[in-house]
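**Student:** Let me begin by handing over the structure; questions about it come next.
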Amino acid sequence: MNTNLSVEKKLPRWLIFLLASSCGLIVANLYYAQPLVGPISADTGISAGLSGLIVTMTQLGYAAGLLLLVPLSDLLENKRLVISVLIVSIIGLFTISVSQNTVIFFTATILIGLGSVAAQILVPFTAHLAPAQQRGSIVGNVMSGLLLGIMLARPAASLITGIWGWKSVFLMSAVIMGIVAILLGCLLPKRKPEKKDNYQAILKSMWYLFRVKPVLRRRSLYQAALFGSFSLFWTVVPLYLSQHFHLTQKEIALFGFAGVTGAIAAPIAGKLADRGWTKRLTGYAFVIAAAAFLITHLMKSNYTISLVIFCAAAILLDMSVSGNLVLGQQAIYSLGDEIRGRVNGVFMAVFFVGGAIGSALGGWSYAQGNWMASSIIGIILPVLAFGYYLTEKKL
């Protein structure tokens, strides 16, 4: 099969599906640990106050990969780069599945984070291949796959852990990543970028781009705030569901499936972005995210209704984050084909640092003041972003 594809050609549906499913499976590796904080902490001896680091270390590794590896997509042949980065992820996943102590565990989580940036090489690659007039909707479809991976990772990890234990989650993913690498190696179109800068110049240009491109700077900080709330929610809620509602791992998994419906916002946001609705929808995203945390304090005396409200909050929060993510990518990808890899790296790195901070704050605040303390921080982050959004002029 000839896998060289011209950007002038329409993307076949099978290729969009391959890119979407690959992104989802790859990025899921970042989130398997979120609902497993309790079992992992018990096995490794990590204290409650430091439990947020279980997720944070993976996200910091991911942020490092976004800054150091993703910009290589503006320099190296993209398919070979994706396969190479995936190998790092496979090594980390296998290592964590046989880890016996905290040091090995955290080393493996960093490798998983680094290797998972393969998804963020595939996303701008999709934008390169997509016709300009359909770029928002096609990237939105691929991002739907990525976001489904994020959202399905938690319930899948809980279900598998309930049957075979938490280490089996990472061992199974290592096998899946091997299959994904083989499929991408055989079917992914080749893309060799035109060399205009060396690696050192590309890295130096990233801070410059963040500083001089207001669209990139704003969209990165907007998403960092929302993703911080998102990561805080999904780091803390499994603990709260277990302790307050006395749910089992399998029941927590079923709760996690509720959030999956939030992924429908991604392709819808992509289509609306193509129609020029980006700014208006961005403001809605902040309001919805803050409201998601606020409603969790309603009807707390009735366990059944309170649990239903938490499900609604999960859906609303996931919709705001997934929709705003696609809006942000549509905006930054318009800055130029030749810098798409590095602007995507900056954008993703900034907002995943926000996610890492959110996870860490979630573990700390929950240990200090239970859900009340965590939800206050969850509200503050999108409110601050909304205040920044109100200063936005037409860019």
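Ligands are numbered from 1 in the order shown, residues from 1 within each chain, and chains are lettered A, B, ... in the order they appear in the structure tokens.
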Please identify all polymer residues within 12 Å of Ile91 of chain A, counting only C-alpha atoms, omitting same-chain residues fewer than 4 positions from it, and present them as an MDAnalysis selection string.

**Tutor:** chainID A and resid 84:87 95:98 107:116 170:171 173:175 177:178

**Student:** Counting only C-alpha atoms, which residues of segment 90-158 of chain A fall within 10 Å of segment 259-271 of chain A, and what is the closest atom pair for each with its distance in Å at one decimal, ordered by chain and rising number, as JSON lines?

**Tutor:**
```
{"residue": "A:Gln134", "atom": "CA", "partner": "A:Lys271", "partner_atom": "CA", "distance": 8.4}
{"residue": "A:Arg135", "atom": "CA", "partner": "A:Gly270", "partner_atom": "CA", "distance": 8.3}
{"residue": "A:Gly136", "atom": "CA", "partner": "A:Gly270", "partner_atom": "CA", "distance": 4.6}
{"residue": "A:Ser137", "atom": "CA", "partner": "A:Gly270", "partner_atom": "CA", "distance": 4.7}
{"residue": "A:Ile138", "atom": "CA", "partner": "A:Gly270", "partner_atom": "CA", "distance": 7.8}
{"residue": "A:Val139", "atom": "CA", "partner": "A:Gly270", "partner_atom": "CA", "distance": 7.2}
{"residue": "A:Gly140", "atom": "CA", "partner": "A:Pro267", "partner_atom": "CA", "distance": 4.4}
{"residue": "A:Asn141", "atom": "CA", "partner": "A:Pro267", "partner_atom": "CA", "distance": 5.3}
{"residue": "A:Val142", "atom": "CA", "partner": "A:Pro267", "partner_atom": "CA", "distance": 8.5}
{"residue": "A:Met143", "atom": "CA", "partner": "A:Ala266", "partner_atom": "CA", "distance": 6.6}
{"residue": "A:Ser144", "atom": "CA", "partner": "A:Ala266", "partner_atom": "CA", "distance": 5.6}
{"residue": "A:Gly145", "atom": "CA", "partner": "A:Ala263", "partner_atom": "CA", "distance": 8.3}
{"residue": "A:Leu146", "atom": "CA", "partner": "A:Ala263", "partner_atom": "CA", "distance": 9.0}
{"residue": "A:Leu147", "atom": "CA", "partner": "A:Ala263", "partner_atom": "CA", "distance": 5.9}
{"residue": "A:Leu148", "atom": "CA", "partner": "A:Ala263", "partner_atom": "CA", "distance": 6.1}
{"residue": "A:Gly149", "atom": "CA", "partner": "A:Val260", "partner_atom": "CA", "distance": 8.9}
{"residue": "A:Ile150", "atom": "CA", "partner": "A:Val260", "partner_atom": "CA", "distance": 8.6}
{"residue": "A:Met151", "atom": "CA", "partner": "A:Val260", "partner_atom": "CA", "distance": 5.2}
{"residue": "A:Leu152", "atom": "CA", "partner": "A:Val260", "partner_atom": "CA", "distance": 6.4}
{"residue": "A:Ala153", "atom": "CA", "partner": "A:Val260", "partner_atom": "CA", "distance": 9.8}
{"residue": "A:Arg154", "atom": "CA", "partner": "A:Gly259", "partner_atom": "CA", "distance": 9.8}
{"residue": "A:Pro155", "atom": "CA", "partner": "A:Val260", "partner_atom": "CA", "distance": 9.6}
```

**Student:** Contacts of Ile54 of chain A at 8 Å or less, counting only C-alpha atoms, minus same-chain residues fewer than 5 places along, as a list in words?

**Tutor:**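 Here the answer would be Ala33, Gln34, Val37, Phe106 and Thr109 of chain A.
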
**Student:** With distances taken over only C-alpha atoms, which residue among A:Lys79, A:Ala373, A:Ser334, A:Asp43 lies nearest Leu232 of chain A?

**Tutor:** A:Ala373

**Student:** Which residues are close to Gly336 of chain A, i.e. within 12 Å by only C-alpha atoms, leaving aside same-chain residues fewer than 4 positions away? Reply as an NGL selection string.

**Tutor:** :A and (74 or 124 or 127-128 or 132 or 209 or 213 or 216 or 330-332 or 340-344)

**Student:** Just want the 8 Å neighbourhood of segment 383-386 of chain A, counted on only C-alpha atoms, with same-chain residues fewer than 2 positions away dropped. Output as a list in words.

**Tutor:** Leu221, Tyr222, Ala225, Leu226, Gly283, Phe286, Val287, Ala290, Ile379, Ile380, Leu381, Tyr388, Tyr389 and Leu390 of chain A

**Student:** Restricting it to C-alpha atoms, dump the selection as a PDB file, in the first residue's frame.

**Tutor:**
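The resulting part-v1.pdb:
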```
ATOM      1  CA  LEU A 221      -3.416  29.504  29.518  1.00  0.00           C
ATOM      2  CA  TYR A 222      -7.162  29.105  28.967  1.00  0.00           C
ATOM      3  CA  ALA A 225      -6.902  26.437  33.795  1.00  0.00           C
ATOM      4  CA  LEU A 226      -9.655  24.162  32.503  1.00  0.00           C
ATOM      5  CA  GLY A 283     -16.523  32.006  27.436  1.00  0.00           C
ATOM      6  CA  PHE A 286     -15.350  28.603  31.611  1.00  0.00           C
ATOM      7  CA  VAL A 287     -18.855  29.165  32.954  1.00  0.00           C
ATOM      8  CA  ALA A 290     -17.211  26.417  37.263  1.00  0.00           C
ATOM      9  CA  ILE A 379     -14.062  26.610  40.833  1.00  0.00           C
ATOM     10  CA  ILE A 380     -11.284  29.175  41.219  1.00  0.00           C
ATOM     11  CA  LEU A 381      -9.277  27.961  38.199  1.00  0.00           C
ATOM     12  CA  TYR A 388      -8.424  36.759  31.737  1.00  0.00           C
ATOM     13  CA  TYR A 389     -10.803  35.978  28.868  1.00  0.00           C
ATOM     14  CA  LEU A 390     -12.740  39.191  29.528  1.00  0.00           C
TER      15      LEU A 390
END
```

**Student:** Would you list the contacts of Ser359 of chain A as a compact mmCIF listing (two decimals) with N, CA and C atoms, in the first residue's frame, taking every protein, DNA or RNA residue within 10 Å and counting only C-alpha atoms, but skipping same-chain residues closer than 5 positions in sequence?

**Tutor:**
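That gives us around30.txt:
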```txt
# COMPACT_ATOMS: atom_id res chain seq x y z
N GLN A 34 -5.33 7.44 37.40
CA GLN A 34 -6.18 8.36 38.16
C GLN A 34 -7.17 7.67 39.10
N SER A 51 -0.35 11.51 47.20
CA SER A 51 -0.98 10.61 46.23
C SER A 51 -1.22 11.29 44.87
N GLY A 52 -1.40 12.62 44.89
CA GLY A 52 -1.58 13.33 43.63
C GLY A 52 -0.39 13.22 42.70
N LEU A 53 0.80 12.93 43.26
CA LEU A 53 2.01 12.80 42.45
C LEU A 53 1.95 11.58 41.53
N ILE A 54 1.11 10.62 41.86
CA ILE A 54 0.98 9.43 41.01
C ILE A 54 0.57 9.85 39.61
N VAL A 55 -0.32 10.81 39.52
CA VAL A 55 -0.75 11.33 38.23
C VAL A 55 0.18 12.46 37.77
N THR A 56 0.61 13.28 38.71
CA THR A 56 1.41 14.46 38.37
C THR A 56 2.72 14.09 37.67
N MET A 57 3.41 13.05 38.13
CA MET A 57 4.69 12.67 37.53
C MET A 57 4.53 12.27 36.07
N GLN A 59 2.18 13.38 34.06
CA GLN A 59 1.87 14.58 33.31
C GLN A 59 3.08 15.48 33.14
N PHE A 227 -7.95 22.46 32.22
CA PHE A 227 -7.42 21.11 32.40
C PHE A 227 -6.95 20.90 33.84
N GLY A 228 -6.55 21.97 34.51
CA GLY A 228 -6.22 21.86 35.93
C GLY A 228 -7.43 21.44 36.73
N SER A 229 -8.59 22.05 36.46
CA SER A 229 -9.83 21.67 37.12
C SER A 229 -10.23 20.24 36.78
N PHE A 230 -10.08 19.89 35.52
CA PHE A 230 -10.41 18.55 35.05
C PHE A 230 -9.56 17.49 35.76
N SER A 231 -8.25 17.72 35.82
CA SER A 231 -7.36 16.76 36.47
C SER A 231 -7.60 16.68 37.96
N LEU A 232 -7.88 17.83 38.59
CA LEU A 232 -8.22 17.82 40.01
C LEU A 232 -9.46 16.97 40.25
N PHE A 233 -10.49 17.18 39.44
CA PHE A 233 -11.75 16.45 39.60
C PHE A 233 -11.53 14.95 39.52
N TRP A 234 -10.84 14.50 38.48
CA TRP A 234 -10.70 13.07 38.26
C TRP A 234 -9.63 12.42 39.12
N THR A 235 -8.78 13.22 39.76
CA THR A 235 -7.85 12.68 40.75
C THR A 235 -8.56 12.44 42.08
N VAL A 236 -9.45 13.37 42.43
CA VAL A 236 -10.09 13.34 43.75
C VAL A 236 -11.38 12.53 43.78
N VAL A 353 0.94 21.14 32.04
CA VAL A 353 1.50 21.60 33.31
C VAL A 353 0.35 22.05 34.22
N GLY A 354 -0.65 22.71 33.62
CA GLY A 354 -1.84 23.06 34.39
C GLY A 354 -2.52 21.82 34.95
N TRP A 364 -3.52 17.16 47.54
CA TRP A 364 -3.21 17.92 48.76
C TRP A 364 -4.48 18.48 49.40
N SER A 365 -5.35 19.11 48.59
CA SER A 365 -6.55 19.75 49.15
C SER A 365 -7.52 18.73 49.72
```

**Student:** Taking into account only C-alpha atoms, which residue in the set A:Met299, A:Ala285, A:Ala356, A:Val350 is nearest to Leu30 of chain A?

**Tutor:**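 The answer is A:Ala356, which sits nearest to Leu30 of chain A.
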
**Student:** Of the residues A:Ala289, A:Val70, A:Ala64, A:Ile376, which is the one nearest to Ser322 of chain A, using only C-alpha atoms?

**Tutor:**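 Of the candidates, the smallest distance to Ser322 of chain A is held by A:Ala289.
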
**Student:** Which residue out of A:Leu93, A:Met348, A:Gly256, A:Leu11 has the minimum interatomic distance to Pro131 of chain A when only C-alpha atoms are used?

**Tutor:**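 Looking only at the distances to Pro131 of chain A, the closest residue turns out to be A:Leu11.
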
**Student:** Write out as JSON, numbers by chain the residues lying within 12 Å of Tyr303 of chain A, counting only C-alpha atoms and excluding same-chain residues fewer than 5 positions away.

**Tutor:** {"A": [241, 244, 245, 246, 247, 296, 297, 298, 308, 309, 310]}

**Student:** Please produce an output containing N, CA and C atoms for each residue in the selection, written as a short mmCIF file (atom, residue, chain, number, x, y, z; two decimals), in the first residue's frame.

**Tutor:**
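Once written, out-v9.cif looks like this:
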```
data_model
loop_
_atom_site.label_atom_id
_atom_site.label_comp_id
_atom_site.auth_asym_id
_atom_site.auth_seq_id
_atom_site.Cartn_x
_atom_site.Cartn_y
_atom_site.Cartn_z
N LEU A 241 -15.81 9.08 45.87
CA LEU A 241 -16.85 8.10 45.59
C LEU A 241 -16.69 6.85 46.46
N HIS A 244 -17.13 8.38 50.44
CA HIS A 244 -18.41 9.01 50.80
C HIS A 244 -19.62 8.18 50.35
N PHE A 245 -19.55 7.66 49.11
CA PHE A 245 -20.66 6.88 48.58
C PHE A 245 -20.44 5.37 48.72
N HIS A 246 -19.25 4.99 49.16
CA HIS A 246 -18.88 3.59 49.39
C HIS A 246 -19.01 2.75 48.11
N LEU A 247 -18.59 3.33 46.98
CA LEU A 247 -18.63 2.61 45.72
C LEU A 247 -17.41 1.69 45.58
N THR A 296 -22.19 20.24 42.57
CA THR A 296 -21.92 19.06 43.40
C THR A 296 -22.29 19.28 44.86
N HIS A 297 -22.53 20.54 45.24
CA HIS A 297 -22.89 20.83 46.63
C HIS A 297 -24.41 20.89 46.84
N LEU A 298 -25.17 20.58 45.78
CA LEU A 298 -26.62 20.56 45.90
C LEU A 298 -27.10 19.19 46.40
N VAL A 308 -26.18 11.33 41.33
CA VAL A 308 -26.63 11.71 39.98
C VAL A 308 -26.07 13.09 39.61
N ILE A 309 -26.07 14.01 40.57
CA ILE A 309 -25.53 15.35 40.32
C ILE A 309 -24.03 15.28 40.02
N PHE A 310 -23.31 14.42 40.73
CA PHE A 310 -21.88 14.25 40.45
C PHE A 310 -21.68 13.73 39.02
#
```

**Student:** Apply DSSP to the structure's backbone, then extract all residues of segment 149-343 of chain A labelled alpha helix (DSSP H) and return them as a VMD selection string.

**Tutor:** chain A and resid 149 to 164 166 to 187 199 to 212 214 to 244 249 to 260 265 to 274 278 to 294 303 to 333 340 to 343

**Student:** Counting only C-alpha atoms, figure out which residue out of A:Ser89, A:Thr161, A:Ser242, A:Thr126 gets nearest to Ile176 of chain A.

**Tutor:** A:Ser89

**Student:** Which one is closest to Gln329 of chain A: A:Val88, A:Ile179, A:Leu67, A:Val215? Count only C-alpha atoms.

**Tutor:**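 Smallest separation from Gln329 of chain A among the options: A:Val215.
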
**Student:** Between atom CA of Asn78 of chain A and atom CA of Arg191 of chain A, what is the distance in Å, rounded to a tenth?

**Tutor:**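 Atom CA of Arg191 of chain A lies 5.5 Å from atom CA of Asn78 of chain A.
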